[in-house]
>>> print(open('protein_37.cif').read())   # mmCIF, C-alpha atoms
data_query
#
loop_
_atom_site.label_atom_id
_atom_site.label_comp_id
_atom_site.auth_asym_id
_atom_site.auth_seq_id
_atom_site.Cartn_x
_atom_site.Cartn_y
_atom_site.Cartn_z
CA MET A 1 1.89 -1.62 34.29
CA ASN A 2 1.94 -2.83 30.67
CA ARG A 3 4.45 -0.97 28.56
CA LEU A 4 3.43 0.23 25.11
CA ILE A 5 6.94 -0.17 23.74
CA GLU A 6 9.87 -2.05 25.20
CA ALA A 7 13.06 -2.24 23.17
CA SER A 8 16.38 -3.62 24.28
CA ASN A 9 19.76 -3.57 22.56
CA LEU A 10 18.03 -2.12 19.49
CA GLY A 11 20.16 -1.37 16.45
CA LYS A 12 19.66 -0.46 12.81
CA ARG A 13 22.33 -0.62 10.15
CA TYR A 14 22.23 0.42 6.49
CA GLY A 15 25.09 -1.33 4.70
CA LEU A 16 28.08 -1.05 7.02
CA ASP A 17 26.89 2.10 8.79
CA TRP A 18 25.03 1.84 12.06
CA VAL A 19 22.34 4.49 12.44
CA PHE A 20 22.07 3.55 16.12
CA ARG A 21 22.90 0.51 18.20
CA GLY A 22 22.62 -0.80 21.71
CA LEU A 23 19.56 1.33 22.31
CA GLU A 24 17.26 0.76 25.28
CA PHE A 25 13.84 2.34 24.92
CA ARG A 26 10.62 2.14 26.89
CA LEU A 27 7.30 3.91 26.47
CA ASN A 28 4.61 3.71 29.13
CA PRO A 29 0.96 4.68 28.72
CA GLY A 30 0.47 8.37 29.39
CA GLU A 31 4.11 9.19 28.80
CA VAL A 32 5.54 11.75 26.32
CA VAL A 33 9.12 11.10 25.17
CA ALA A 34 11.20 13.38 22.93
CA LEU A 35 13.79 12.05 20.48
CA LEU A 36 16.41 14.74 20.01
CA GLY A 37 19.42 15.03 17.76
CA PRO A 38 20.75 16.78 14.67
CA ASN A 39 20.00 15.74 11.07
CA GLY A 40 21.16 12.20 10.46
CA ALA A 41 21.11 11.21 14.13
CA GLY A 42 18.54 8.50 13.36
CA LYS A 43 15.37 10.02 14.81
CA THR A 44 13.15 9.16 11.85
CA THR A 45 14.73 5.73 11.45
CA LEU A 46 14.10 4.98 15.13
CA LEU A 47 10.48 6.13 14.79
CA ARG A 48 10.02 3.85 11.77
CA VAL A 49 11.58 0.95 13.64
CA LEU A 50 9.31 1.60 16.63
CA ALA A 51 6.31 1.79 14.27
CA GLY A 52 7.18 -1.62 12.79
CA LEU A 53 7.77 -0.20 9.31
CA VAL A 54 11.47 -1.05 9.34
CA ARG A 55 12.92 -4.24 10.77
CA PRO A 56 15.74 -3.62 13.27
CA THR A 57 19.12 -5.15 12.49
CA GLN A 58 19.61 -6.22 16.10
CA GLY A 59 17.79 -6.23 19.40
CA LYS A 60 14.35 -7.02 20.68
CA LEU A 61 11.26 -4.86 20.21
CA LEU A 62 7.93 -5.47 21.88
CA ARG A 63 4.96 -3.30 21.05
CA GLN A 64 1.47 -3.31 22.46
CA GLY A 65 -1.42 -1.41 20.93
CA ARG A 66 -2.23 0.41 17.71
CA VAL A 67 0.37 2.74 16.23
CA GLY A 68 -0.32 6.12 14.62
CA LEU A 69 2.44 7.94 12.75
CA LEU A 70 2.40 11.64 11.96
CA ALA A 71 5.01 11.51 9.23
CA ASN A 72 7.04 14.40 7.91
CA PRO A 73 5.75 15.19 5.33
CA PRO A 74 2.42 13.44 5.89
CA ALA A 75 0.99 11.50 2.94
CA PHE A 76 -2.53 11.47 1.57
CA HIS A 77 -4.27 10.46 -1.63
CA ARG A 78 -4.16 13.63 -3.67
CA HIS A 79 -7.25 12.87 -5.77
CA PHE A 80 -9.36 12.55 -2.63
CA SER A 81 -10.67 15.42 -0.54
CA GLY A 82 -9.59 15.76 3.08
CA GLU A 83 -12.86 14.21 4.19
CA GLU A 84 -12.51 11.23 1.83
CA ASN A 85 -8.98 10.60 3.09
CA LEU A 86 -10.21 10.57 6.68
CA ARG A 87 -13.21 8.42 5.81
CA TYR A 88 -11.06 5.74 4.16
CA ALA A 89 -8.49 5.87 6.98
CA LEU A 90 -11.30 4.99 9.42
CA ARG A 91 -12.76 2.34 7.11
CA LEU A 92 -9.44 0.59 6.60
CA GLU A 93 -8.84 0.62 10.35
CA GLY A 94 -12.26 -0.97 10.80
CA LEU A 95 -13.51 1.95 12.93
CA PRO A 96 -17.06 3.36 12.80
CA ILE A 97 -17.66 6.49 10.71
CA ARG A 98 -19.83 9.33 11.94
CA ALA A 99 -20.33 12.16 9.44
CA GLU A 100 -20.55 14.76 12.23
CA ALA A 101 -17.30 13.54 13.78
CA LEU A 102 -15.53 13.83 10.41
CA LYS A 103 -16.91 17.31 9.85
CA ALA A 104 -15.95 18.39 13.36
CA ALA A 105 -12.43 16.93 13.01
CA LEU A 106 -11.83 18.93 9.83
CA LYS A 107 -13.36 22.08 11.27
CA ALA A 108 -11.16 21.78 14.36
CA VAL A 109 -8.03 21.99 12.20
CA GLY A 110 -9.46 24.72 9.95
CA LEU A 111 -9.93 22.68 6.76
CA SER A 112 -12.85 22.46 4.36
CA GLN A 113 -14.45 19.14 3.47
CA ARG A 114 -14.53 19.27 -0.29
CA LYS A 115 -11.15 20.55 -1.47
CA PRO A 116 -8.92 17.82 -2.98
CA VAL A 117 -5.62 17.23 -1.17
CA LEU A 118 -3.93 18.05 -4.50
CA SER A 119 -4.58 21.71 -3.71
CA TYR A 120 -3.33 21.55 -0.10
CA SER A 121 -0.20 23.31 1.11
CA SER A 122 2.32 21.45 3.34
CA GLY A 123 0.84 23.08 6.43
CA MET A 124 -2.69 22.04 5.43
CA LYS A 125 -1.52 18.46 4.96
CA LYS A 126 0.01 18.57 8.42
CA ARG A 127 -3.31 19.82 9.82
CA LEU A 128 -5.14 17.01 8.03
CA ALA A 129 -2.67 14.55 9.55
CA ILE A 130 -3.49 15.96 12.99
CA ALA A 131 -7.20 15.43 12.28
CA ARG A 132 -6.50 11.87 11.14
CA ILE A 133 -4.50 10.84 14.17
CA ARG A 134 -7.17 12.41 16.42
CA LEU A 135 -9.90 10.35 14.74
CA LEU A 136 -7.93 7.10 14.65
CA LYS A 137 -7.03 7.41 18.36
CA PRO A 138 -4.03 5.06 18.31
CA ASP A 139 -2.45 3.84 21.56
CA ILE A 140 1.04 4.88 20.45
CA TRP A 141 1.50 8.28 18.79
CA LEU A 142 4.72 8.70 16.83
CA LEU A 143 5.25 12.29 15.70
CA ASP A 144 8.08 13.00 13.27
CA GLU A 145 9.13 16.66 13.35
CA PRO A 146 5.51 17.57 13.94
CA GLU A 147 6.10 21.33 14.00
CA ALA A 148 7.52 21.43 10.45
CA ALA A 149 5.42 23.50 7.98
CA LEU A 150 2.96 24.60 10.66
CA ASP A 151 2.09 28.22 11.42
CA ALA A 152 1.57 29.53 14.97
CA GLN A 153 -2.06 28.41 15.01
CA GLY A 154 -1.08 24.98 13.69
CA ARG A 155 1.54 24.71 16.42
CA GLU A 156 -1.15 25.40 19.00
CA LEU A 157 -3.27 22.64 17.50
CA LEU A 158 -0.33 20.31 17.74
CA GLU A 159 0.38 21.16 21.36
CA GLY A 160 -3.31 20.55 22.05
CA LEU A 161 -2.96 17.16 20.38
CA VAL A 162 -0.04 16.19 22.60
CA GLN A 163 -1.92 17.38 25.70
CA GLU A 164 -4.91 15.32 24.54
CA ALA A 165 -2.77 12.20 24.27
CA ARG A 166 -0.89 12.78 27.53
CA GLY A 167 -2.17 10.67 30.37
CA ARG A 168 -3.92 8.16 28.09
CA ASN A 169 -1.60 7.26 25.21
CA GLY A 170 2.12 7.03 24.73
CA VAL A 171 3.67 9.77 22.59
CA VAL A 172 7.11 9.86 20.97
CA ILE A 173 8.14 13.17 19.36
CA ALA A 174 11.18 13.26 17.07
CA THR A 175 12.25 16.88 16.84
CA HIS A 176 15.04 19.47 16.62
CA ASP A 177 12.89 21.88 18.55
CA ARG A 178 13.87 21.86 22.21
CA GLY A 179 10.70 23.84 22.91
CA TRP A 180 8.93 20.48 23.01
CA LEU A 181 10.89 19.47 26.09
CA SER A 182 8.45 21.33 28.34
CA HIS A 183 5.73 18.93 27.12
CA CYS A 184 7.83 15.81 27.58
CA ASP A 185 8.48 13.48 30.51
CA ARG A 186 11.77 12.21 29.10
CA ALA A 187 14.12 12.86 26.22
CA LEU A 188 16.45 10.58 24.36
CA ASP A 189 19.36 12.41 22.74
CA LEU A 190 20.37 10.36 19.70
CA GLY A 191 23.05 12.91 18.84
CA ALA A 192 24.81 12.20 22.15
CA LEU A 193 24.38 8.51 21.53
CA GLN A 194 26.11 8.85 18.16
CA LYS A 195 29.03 10.78 19.63
CA ALA A 196 29.63 8.09 22.23
CA ASP A 197 31.66 5.09 21.10
CA PRO A 198 29.30 3.29 18.75
CA ASP A 199 31.03 -0.03 19.38
CA ARG A 200 30.02 -0.06 23.01
CA PRO A 201 26.46 -1.19 23.67
CA SER A 202 26.62 0.80 26.91
CA SER A 203 26.49 3.93 24.79
CA ALA A 204 22.76 3.71 25.40
CA ASP A 205 23.59 5.41 28.71
CA ALA A 206 23.66 8.62 26.72
CA ALA A 207 19.90 8.55 26.96
CA ARG A 208 18.96 10.79 29.80
CA ASN A 209 15.93 11.57 31.84
CA ILE A 210 14.87 15.16 32.02
CA GLY A 211 11.52 14.92 33.73
CA MET B 1 -14.78 -6.09 4.69
CA ARG B 2 -11.63 -3.96 5.00
CA SER B 3 -10.29 -5.66 1.86
CA LEU B 4 -13.38 -4.61 -0.09
CA TRP B 5 -13.08 -1.02 1.13
CA LEU B 6 -9.45 -1.03 0.03
CA ALA B 7 -10.40 -2.34 -3.42
CA LEU B 8 -13.17 0.24 -3.74
CA ARG B 9 -10.84 3.04 -2.64
CA ASP B 10 -8.21 1.99 -5.18
CA LEU B 11 -10.75 1.72 -8.01
CA THR B 12 -12.07 5.21 -7.19
CA LEU B 13 -8.52 6.58 -7.16
CA GLU B 14 -7.62 4.80 -10.41
CA PHE B 15 -10.61 6.21 -12.27
CA ARG B 16 -10.10 9.69 -10.85
CA GLY B 17 -6.43 9.67 -11.82
CA ARG B 18 -7.19 7.97 -15.18
CA ALA B 19 -3.54 7.82 -16.29
CA GLY B 20 -3.10 4.06 -15.68
CA ILE B 21 -6.33 2.84 -17.21
CA LEU B 22 -6.12 5.17 -20.23
CA SER B 23 -2.59 4.04 -21.07
CA VAL B 24 -3.74 0.39 -20.94
CA VAL B 25 -6.74 1.00 -23.21
CA PHE B 26 -4.56 2.89 -25.69
CA PHE B 27 -1.93 0.12 -25.60
CA LEU B 28 -4.57 -2.55 -26.27
CA ALA B 29 -6.11 -0.61 -29.15
CA VAL B 30 -2.73 -0.22 -30.86
CA MET B 31 -1.75 -3.86 -30.20
CA LEU B 32 -5.00 -5.32 -31.55
CA PHE B 33 -4.86 -3.05 -34.60
CA ILE B 34 -1.29 -4.17 -35.41
CA LEU B 35 -2.06 -7.87 -34.83
CA GLY B 36 -5.22 -7.56 -36.92
CA LEU B 37 -3.17 -6.19 -39.80
CA ALA B 38 -0.50 -8.85 -39.33
CA PHE B 39 -2.89 -11.85 -39.33
CA GLY B 40 -5.53 -10.49 -41.74
CA PRO B 41 -7.41 -10.18 -43.91
CA ASN B 42 -8.47 -13.85 -44.20
CA PRO B 43 -11.31 -14.36 -41.60
CA GLN B 44 -10.28 -18.00 -40.96
CA ASP B 45 -6.72 -16.95 -40.08
CA LEU B 46 -7.98 -14.17 -37.84
CA GLN B 47 -10.44 -16.49 -36.08
CA ARG B 48 -7.73 -19.10 -35.47
CA ALA B 49 -5.46 -16.47 -33.93
CA ALA B 50 -8.23 -14.85 -31.83
CA PRO B 51 -7.86 -16.85 -28.54
CA GLY B 52 -4.09 -16.36 -28.50
CA VAL B 53 -4.37 -12.67 -29.40
CA PHE B 54 -6.98 -12.14 -26.67
CA TRP B 55 -4.95 -13.74 -23.88
CA VAL B 56 -1.58 -12.36 -24.94
CA ALA B 57 -3.06 -8.86 -25.15
CA LEU B 58 -4.69 -9.31 -21.74
CA ALA B 59 -1.43 -10.62 -20.25
CA PHE B 60 0.51 -7.60 -21.53
CA ALA B 61 -2.19 -5.20 -20.38
CA GLY B 62 -2.18 -7.01 -17.03
CA SER B 63 1.55 -6.40 -16.61
CA LEU B 64 0.86 -2.67 -17.04
CA LEU B 65 -2.07 -2.79 -14.63
CA ALA B 66 -0.14 -4.86 -12.08
CA SER B 67 2.08 -1.97 -11.10
CA ARG B 68 -1.05 0.13 -10.38
CA ALA B 69 -1.91 -1.96 -7.30
CA PHE B 70 0.92 -0.40 -5.34
CA GLY B 71 1.70 2.41 -7.78
CA LEU B 72 -1.19 4.36 -6.26
CA GLU B 73 0.42 4.08 -2.82
CA ILE B 74 3.92 4.89 -4.07
CA GLU B 75 2.83 7.95 -6.07
CA ASP B 76 1.03 9.42 -3.06
CA GLY B 77 3.51 8.10 -0.47
CA THR B 78 0.74 6.36 1.47
CA LEU B 79 2.18 2.85 1.66
CA ASP B 80 3.40 3.38 5.24
CA ASP B 81 -0.06 4.43 6.38
CA LEU B 82 -1.51 1.31 4.82
CA LEU B 83 1.09 -0.87 6.55
CA LEU B 84 0.36 0.79 9.89
CA THR B 85 -3.27 -0.29 9.88
CA SER B 86 -3.88 -2.80 12.64
CA GLY B 87 -4.02 -6.56 12.19
CA SER B 88 -2.01 -8.88 10.01
CA ARG B 89 -1.37 -7.83 6.43
CA GLU B 90 -3.18 -10.60 4.53
CA TRP B 91 -6.22 -8.33 4.17
CA ILE B 92 -4.08 -5.83 2.25
CA TYR B 93 -3.20 -8.57 -0.22
CA LEU B 94 -6.85 -9.56 -0.61
CA GLY B 95 -7.88 -5.92 -1.13
CA LYS B 96 -5.21 -5.31 -3.74
CA LEU B 97 -6.07 -8.64 -5.40
CA ALA B 98 -9.75 -7.62 -5.62
CA PHE B 99 -8.68 -4.28 -7.15
CA GLN B 100 -6.47 -6.01 -9.75
CA LEU B 101 -9.15 -8.56 -10.52
CA ALA B 102 -11.80 -5.88 -11.04
CA LEU B 103 -9.51 -3.97 -13.42
CA LEU B 104 -8.51 -7.11 -15.35
CA LEU B 105 -12.10 -8.30 -15.66
CA GLY B 106 -13.25 -4.90 -16.90
CA VAL B 107 -10.44 -4.70 -19.44
CA GLY B 108 -11.00 -8.39 -20.31
CA VAL B 109 -14.68 -7.92 -21.17
CA LEU B 110 -13.85 -4.88 -23.31
CA LEU B 111 -11.05 -6.79 -25.00
CA LEU B 112 -13.33 -9.77 -25.66
CA LEU B 113 -15.78 -7.55 -27.52
CA ILE B 114 -13.05 -5.87 -29.56
CA THR B 115 -11.46 -9.25 -30.37
CA ALA B 116 -14.85 -10.58 -31.44
CA GLY B 117 -15.23 -7.58 -33.76
CA LEU B 118 -11.74 -7.56 -35.24
CA PHE B 119 -10.89 -11.28 -35.21
CA TYR B 120 -14.26 -12.91 -35.90
CA LEU B 121 -14.31 -14.64 -32.48
CA PRO B 122 -17.81 -16.20 -32.25
CA LEU B 123 -19.60 -14.84 -29.17
CA GLY B 124 -22.09 -17.73 -28.92
CA PRO B 125 -20.49 -19.39 -25.88
CA TRP B 126 -20.06 -16.03 -24.07
CA PRO B 127 -21.00 -17.34 -20.57
CA TRP B 128 -18.20 -19.90 -20.88
CA TYR B 129 -15.79 -17.26 -22.13
CA LEU B 130 -16.64 -15.26 -19.02
CA LEU B 131 -15.99 -18.29 -16.80
CA THR B 132 -12.59 -18.77 -18.49
CA LEU B 133 -11.90 -15.05 -18.11
CA VAL B 134 -12.69 -15.10 -14.36
CA LEU B 135 -10.54 -18.19 -13.73
CA GLY B 136 -7.65 -16.95 -15.90
CA THR B 137 -7.56 -13.43 -14.51
CA LEU B 138 -7.79 -14.67 -10.90
CA GLY B 139 -4.62 -16.74 -11.30
CA TYR B 140 -2.90 -13.90 -13.12
CA ALA B 141 -3.94 -11.26 -10.57
CA ALA B 142 -2.90 -13.50 -7.63
CA ILE B 143 0.69 -13.58 -8.86
CA SER B 144 0.86 -10.02 -10.21
CA THR B 145 -0.43 -8.55 -6.93
CA PHE B 146 2.10 -10.53 -4.94
CA TYR B 147 5.03 -9.40 -7.07
CA ALA B 148 3.75 -5.81 -7.26
CA GLY B 149 3.81 -5.74 -3.43
CA MET B 150 7.24 -7.35 -3.26
CA LEU B 151 8.74 -4.84 -5.70
CA ALA B 152 6.78 -1.80 -4.48
CA ARG B 153 9.74 -0.15 -2.76
CA LEU B 154 12.35 -1.01 -5.41
CA ARG B 155 13.62 1.19 -8.18
CA GLY B 156 13.12 -0.31 -11.65
CA ARG B 157 10.04 -2.17 -10.46
CA GLU B 158 8.23 -1.57 -13.78
CA VAL B 159 11.05 -3.42 -15.59
CA LEU B 160 11.39 -6.22 -13.03
CA LEU B 161 7.69 -6.95 -12.67
CA PRO B 162 7.06 -8.50 -16.14
CA LEU B 163 10.34 -10.45 -15.89
CA LEU B 164 9.21 -12.13 -12.66
CA LEU B 165 5.54 -12.31 -13.59
CA PHE B 166 5.47 -13.96 -17.01
CA PRO B 167 7.31 -17.22 -16.20
CA LEU B 168 4.81 -17.96 -13.42
CA VAL B 169 1.67 -17.04 -15.35
CA VAL B 170 2.55 -19.07 -18.46
CA PRO B 171 0.55 -22.14 -17.28
CA VAL B 172 -2.48 -19.94 -16.54
CA VAL B 173 -2.32 -18.18 -19.90
CA LEU B 174 -1.79 -21.45 -21.83
CA SER B 175 -4.72 -23.16 -20.12
CA ALA B 176 -6.93 -20.13 -20.73
CA VAL B 177 -5.91 -19.96 -24.41
CA ARG B 178 -6.72 -23.63 -24.89
CA ALA B 179 -10.09 -23.31 -23.15
CA THR B 180 -11.01 -20.21 -25.18
CA GLY B 181 -9.80 -21.83 -28.42
CA ASP B 182 -11.85 -24.98 -27.80
CA LEU B 183 -14.97 -22.94 -27.01
CA ALA B 184 -14.50 -20.81 -30.14
CA GLY B 185 -14.07 -24.01 -32.18
CA GLY B 186 -17.45 -25.32 -31.01
CA VAL B 187 -16.18 -27.91 -28.50
CA PRO B 188 -18.92 -28.63 -25.88
CA PRO B 189 -18.26 -27.06 -22.44
CA GLY B 190 -18.11 -30.54 -20.84
CA GLU B 191 -14.98 -31.29 -22.86
CA VAL B 192 -13.39 -27.97 -21.93
CA ALA B 193 -13.90 -28.60 -18.21
CA GLY B 194 -10.42 -30.14 -17.88
CA TRP B 195 -8.82 -26.77 -18.66
CA TRP B 196 -11.07 -25.01 -16.15
CA GLN B 197 -10.14 -27.56 -13.48
CA LEU B 198 -6.48 -26.88 -14.19
CA LEU B 199 -7.12 -23.14 -13.89
CA VAL B 200 -8.93 -23.66 -10.56
CA VAL B 201 -5.91 -25.59 -9.23
CA PHE B 202 -3.53 -22.80 -10.26
CA ASP B 203 -5.86 -20.17 -8.79
CA VAL B 204 -6.11 -21.92 -5.42
CA VAL B 205 -2.37 -22.56 -5.18
CA TYR B 206 -1.41 -19.01 -6.24
CA VAL B 207 -3.94 -17.22 -4.03
CA VAL B 208 -3.14 -19.28 -0.91
CA ALA B 209 0.64 -19.20 -1.34
CA SER B 210 0.75 -15.49 -2.21
CA GLY B 211 -1.62 -14.55 0.62
CA LEU B 212 0.50 -16.40 3.18
CA LEU B 213 3.82 -14.99 1.94
CA PHE B 214 2.61 -11.45 1.33
CA PRO B 215 3.00 -10.06 4.91
CA TYR B 216 6.70 -11.00 4.85
CA VAL B 217 7.54 -9.41 1.49
CA LEU B 218 6.13 -6.06 2.57
CA GLU B 219 8.49 -5.63 5.52
CA GLY B 220 11.13 -2.95 5.16
#
>>> encode(input="protein_37.cif", output="structure tokens")
Amino acid sequence: MNRLIEASNLGKRYGLDWVFRGLEFRLNPGEVVALLGPNGAGKTTLLRVLAGLVRPTQGKLLRQGRVGLLANPPAFHRHFSGEENLRYALRLEGLPIRAEALKAALKAVGLSQRKPVLSYSSGMKKRLAIARIRLLKPDIWLLDEPEAALDAQGRELLEGLVQEARGRNGVVIATHDRGWLSHCDRALDLGALQKADPDRPSSADAARNIG
Amino acid sequence: MRSLWLALRDLTLEFRGRAGILSVVFFLAVMLFILGLAFGPNPQDLQRAAPGVFWVALAFAGSLLASRAFGLEIEDGTLDDLLLTSGSREWIYLGKLAFQLALLLGVGVLLLLITAGLFYLPLGPWPWYLLTLVLGTLGYAAISTFYAGMLARLRGREVLLPLLLFPLVVPVVLSAVRATGDLAGGVPPGEVAGWWQLLVVFDVVYVVASGLLFPYVLEG
């Protein structure tokens, strides 16, 4: 089976401080993996390294397939409407645009087509980000604290999104919320990794399987 | 095709936001007014200064516009999404270059008309002015887009950008000034061709080199 992500001895350092090091990470198609840990444990940094946005200081990272990132907070062009943001996201990815699909994607997350993103709340932006990742259909879904700013209905949408991806795509969820563990096949506790001796590459053993 | 969509998206955003383009137009109006007062009122003096005034004003305006290429992404925090699009990143450079070029050409044409009005620049050879404008702005935009991308994530990028940009665009600006000056002085286009050839060489070198290096400078 072809892995979506395979990382070995991965490390990232800012200045003299290691955020993480000696990390082994694999993501298979259809798998949902949680990244756990307190603030500053390196969850977002690891997601950005896995996405290819940040170059790792050490280690080897192989990635196969398109990456979609649900950032926290998600970013959109504020002078565009939700629909225009989605339309350009598809265009720049070189994907076909169907007006009905765009309309349906926005309706599914409870957003109107015409309102500029400038007037969106944080939760509405998160919903728009859910619509975007659904339309772009990446192979690797990286979700950074996806539950932040969402109401109960938004949380349901999000859980639906993860269920949608499960079985087909690989999903990595960086979160404080252990409630996500019931949706995940494995979890990597970066907090435990940090507490272990950072000088020992074997500290990657702190990663544990829960599924 | 993706590059053209990116350029179109950025132009739409720029005109909806208006802040960048309005500040450039205001800057140019003030600059030309001051230079007009400084060189005037003798029409011969103004006409002699016109090519230099035109290109220096466009170069300064260009340094303000250069930061817009990635400023739009930084202001809205969308640079990561752009970098996550599939494929190699040369197309991003070409899209941003097309955006910069469109802005510079638009401002350039406006500036040409104002310079003609204020500085007695004869508009007879206007097709050749346009050719010089296209060749000059392409070389300028090639370098400014590259540096704007390189500095996009840095603090103080607005200060650093002109410092890095101007030394490299001096040959382009000088060639363009000479070509425009010769045309304004009634020199036949055949004799100006040498300057255009020089501009083409700079354009090709800058676009190819910047396009190839661009994916590396964007990495975090």
>>> closest_atom_pairs(input="protein_37.cif", of="chain A", to="chain B", cutoff="10 Å", atoms="all atoms listed in the file", output="JSON lines")
{"residue": "A:Arg48", "atom": "CA", "partner": "B:Asp80", "partner_atom": "CA", "distance": 9.3}
{"residue": "A:Val49", "atom": "CA", "partner": "B:Gly220", "partner_atom": "CA", "distance": 9.3}
{"residue": "A:Ala51", "atom": "CA", "partner": "B:Leu84", "partner_atom": "CA", "distance": 7.5}
{"residue": "A:Gly52", "atom": "CA", "partner": "B:Leu84", "partner_atom": "CA", "distance": 7.8}
{"residue": "A:Leu53", "atom": "CA", "partner": "B:Gly220", "partner_atom": "CA", "distance": 6.0}
{"residue": "A:Val54", "atom": "CA", "partner": "B:Gly220", "partner_atom": "CA", "distance": 4.6}
{"residue": "A:Arg55", "atom": "CA", "partner": "B:Gly220", "partner_atom": "CA", "distance": 6.0}
{"residue": "A:Pro56", "atom": "CA", "partner": "B:Gly220", "partner_atom": "CA", "distance": 9.4}
{"residue": "A:Gly65", "atom": "CA", "partner": "B:Ser86", "partner_atom": "CA", "distance": 8.8}
{"residue": "A:Arg66", "atom": "CA", "partner": "B:Ser86", "partner_atom": "CA", "distance": 6.2}
{"residue": "A:Val67", "atom": "CA", "partner": "B:Leu84", "partner_atom": "CA", "distance": 6.6}
{"residue": "A:Gly68", "atom": "CA", "partner": "B:Leu84", "partner_atom": "CA", "distance": 7.2}
{"residue": "A:Leu69", "atom": "CA", "partner": "B:Asp81", "partner_atom": "CA", "distance": 7.7}
{"residue": "A:Leu70", "atom": "CA", "partner": "B:Asp81", "partner_atom": "CA", "distance": 9.4}
{"residue": "A:Ala71", "atom": "CA", "partner": "B:Asp81", "partner_atom": "CA", "distance": 9.2}
{"residue": "A:Pro73", "atom": "CA", "partner": "B:Gly77", "partner_atom": "CA", "distance": 9.4}
{"residue": "A:Pro74", "atom": "CA", "partner": "B:Gly77", "partner_atom": "CA", "distance": 8.4}
{"residue": "A:Ala75", "atom": "CA", "partner": "B:Thr78", "partner_atom": "CA", "distance": 5.4}
{"residue": "A:Phe76", "atom": "CA", "partner": "B:Thr78", "partner_atom": "CA", "distance": 6.1}
{"residue": "A:His77", "atom": "CA", "partner": "B:Asp76", "partner_atom": "CA", "distance": 5.6}
{"residue": "A:Arg78", "atom": "CA", "partner": "B:Asp76", "partner_atom": "CA", "distance": 6.7}
{"residue": "A:His79", "atom": "CA", "partner": "B:Leu13", "partner_atom": "CA", "distance": 6.6}
{"residue": "A:Phe80", "atom": "CA", "partner": "B:Leu13", "partner_atom": "CA", "distance": 7.5}
{"residue": "A:Glu84", "atom": "CA", "partner": "B:Arg9", "partner_atom": "CA", "distance": 9.5}
{"residue": "A:Asn85", "atom": "CA", "partner": "B:Arg9", "partner_atom": "CA", "distance": 9.7}
{"residue": "A:Tyr88", "atom": "CA", "partner": "B:Arg9", "partner_atom": "CA", "distance": 7.3}
{"residue": "A:Ala89", "atom": "CA", "partner": "B:Asp81", "partner_atom": "CA", "distance": 8.6}
{"residue": "A:Leu90", "atom": "CA", "partner": "B:Thr85", "partner_atom": "CA", "distance": 9.6}
{"residue": "A:Arg91", "atom": "CA", "partner": "B:Arg2", "partner_atom": "CA", "distance": 6.7}
{"residue": "A:Leu92", "atom": "CA", "partner": "B:Arg2", "partner_atom": "CA", "distance": 5.3}
{"residue": "A:Glu93", "atom": "CA", "partner": "B:Thr85", "partner_atom": "CA", "distance": 5.7}
{"residue": "A:Gly94", "atom": "CA", "partner": "B:Arg2", "partner_atom": "CA", "distance": 6.6}
{"residue": "A:Leu136", "atom": "CA", "partner": "B:Thr85", "partner_atom": "CA", "distance": 10.0}
{"residue": "A:Pro138", "atom": "CA", "partner": "B:Ser86", "partner_atom": "CA", "distance": 9.7}
>>> write_last_selection(input="protein_37.cif", atoms="C-alpha atoms", output="compact mmCIF listing (two decimals), in the frame of the given file")
# COMPACT_ATOMS: atom_id res chain seq x y z
CA ARG A 48 10.02 3.85 11.77
CA VAL A 49 11.58 0.95 13.64
CA ALA A 51 6.31 1.79 14.27
CA GLY A 52 7.18 -1.62 12.79
CA LEU A 53 7.77 -0.20 9.31
CA VAL A 54 11.47 -1.05 9.34
CA ARG A 55 12.92 -4.24 10.77
CA PRO A 56 15.74 -3.62 13.27
CA GLY A 65 -1.42 -1.41 20.93
CA ARG A 66 -2.23 0.41 17.71
CA VAL A 67 0.37 2.74 16.23
CA GLY A 68 -0.32 6.12 14.62
CA LEU A 69 2.44 7.94 12.75
CA LEU A 70 2.40 11.64 11.96
CA ALA A 71 5.01 11.51 9.23
CA PRO A 73 5.75 15.19 5.33
CA PRO A 74 2.42 13.44 5.89
CA ALA A 75 0.99 11.50 2.94
CA PHE A 76 -2.53 11.47 1.57
CA HIS A 77 -4.27 10.46 -1.63
CA ARG A 78 -4.16 13.63 -3.67
CA HIS A 79 -7.25 12.87 -5.77
CA PHE A 80 -9.36 12.55 -2.63
CA GLU A 84 -12.51 11.23 1.83
CA ASN A 85 -8.98 10.60 3.09
CA TYR A 88 -11.06 5.74 4.16
CA ALA A 89 -8.49 5.87 6.98
CA LEU A 90 -11.30 4.99 9.42
CA ARG A 91 -12.76 2.34 7.11
CA LEU A 92 -9.44 0.59 6.60
CA GLU A 93 -8.84 0.62 10.35
CA GLY A 94 -12.26 -0.97 10.80
CA LEU A 136 -7.93 7.10 14.65
CA PRO A 138 -4.03 5.06 18.31
>>> resolve_selection(input="protein_37.cif", expression="the PyMOL selection byres ((chain B and resi 188-195) around 9)", output="ChimeraX atom specification")
/B:125,128,132,175-176,178-180,182-183,186-187,196-200
>>> resolve_selection(input="protein_37.cif", expression="the PyMOL selection byres ((chain B and resi 53-55) around 8)", output="PyMOL selection string")
chain B and resi 32+35+49-52+56-59+111-112+115+173+176-177
>>> residues_near_point(input="protein_37.cif", point="(4.9, 23.4, 6.4)", cutoff="8 Å", atoms="all atoms listed in the file", output="list in words")
Ser121, Ser122, Gly123, Met124, Lys126, Glu147, Ala148, Ala149, Leu150 and Asp151 of chain A
>>> atom_distance(input="protein_37.cif", atom1="atom CA of Ala69 of chain B", atom2="atom CA of Gly95 of chain B")
9.5 Å
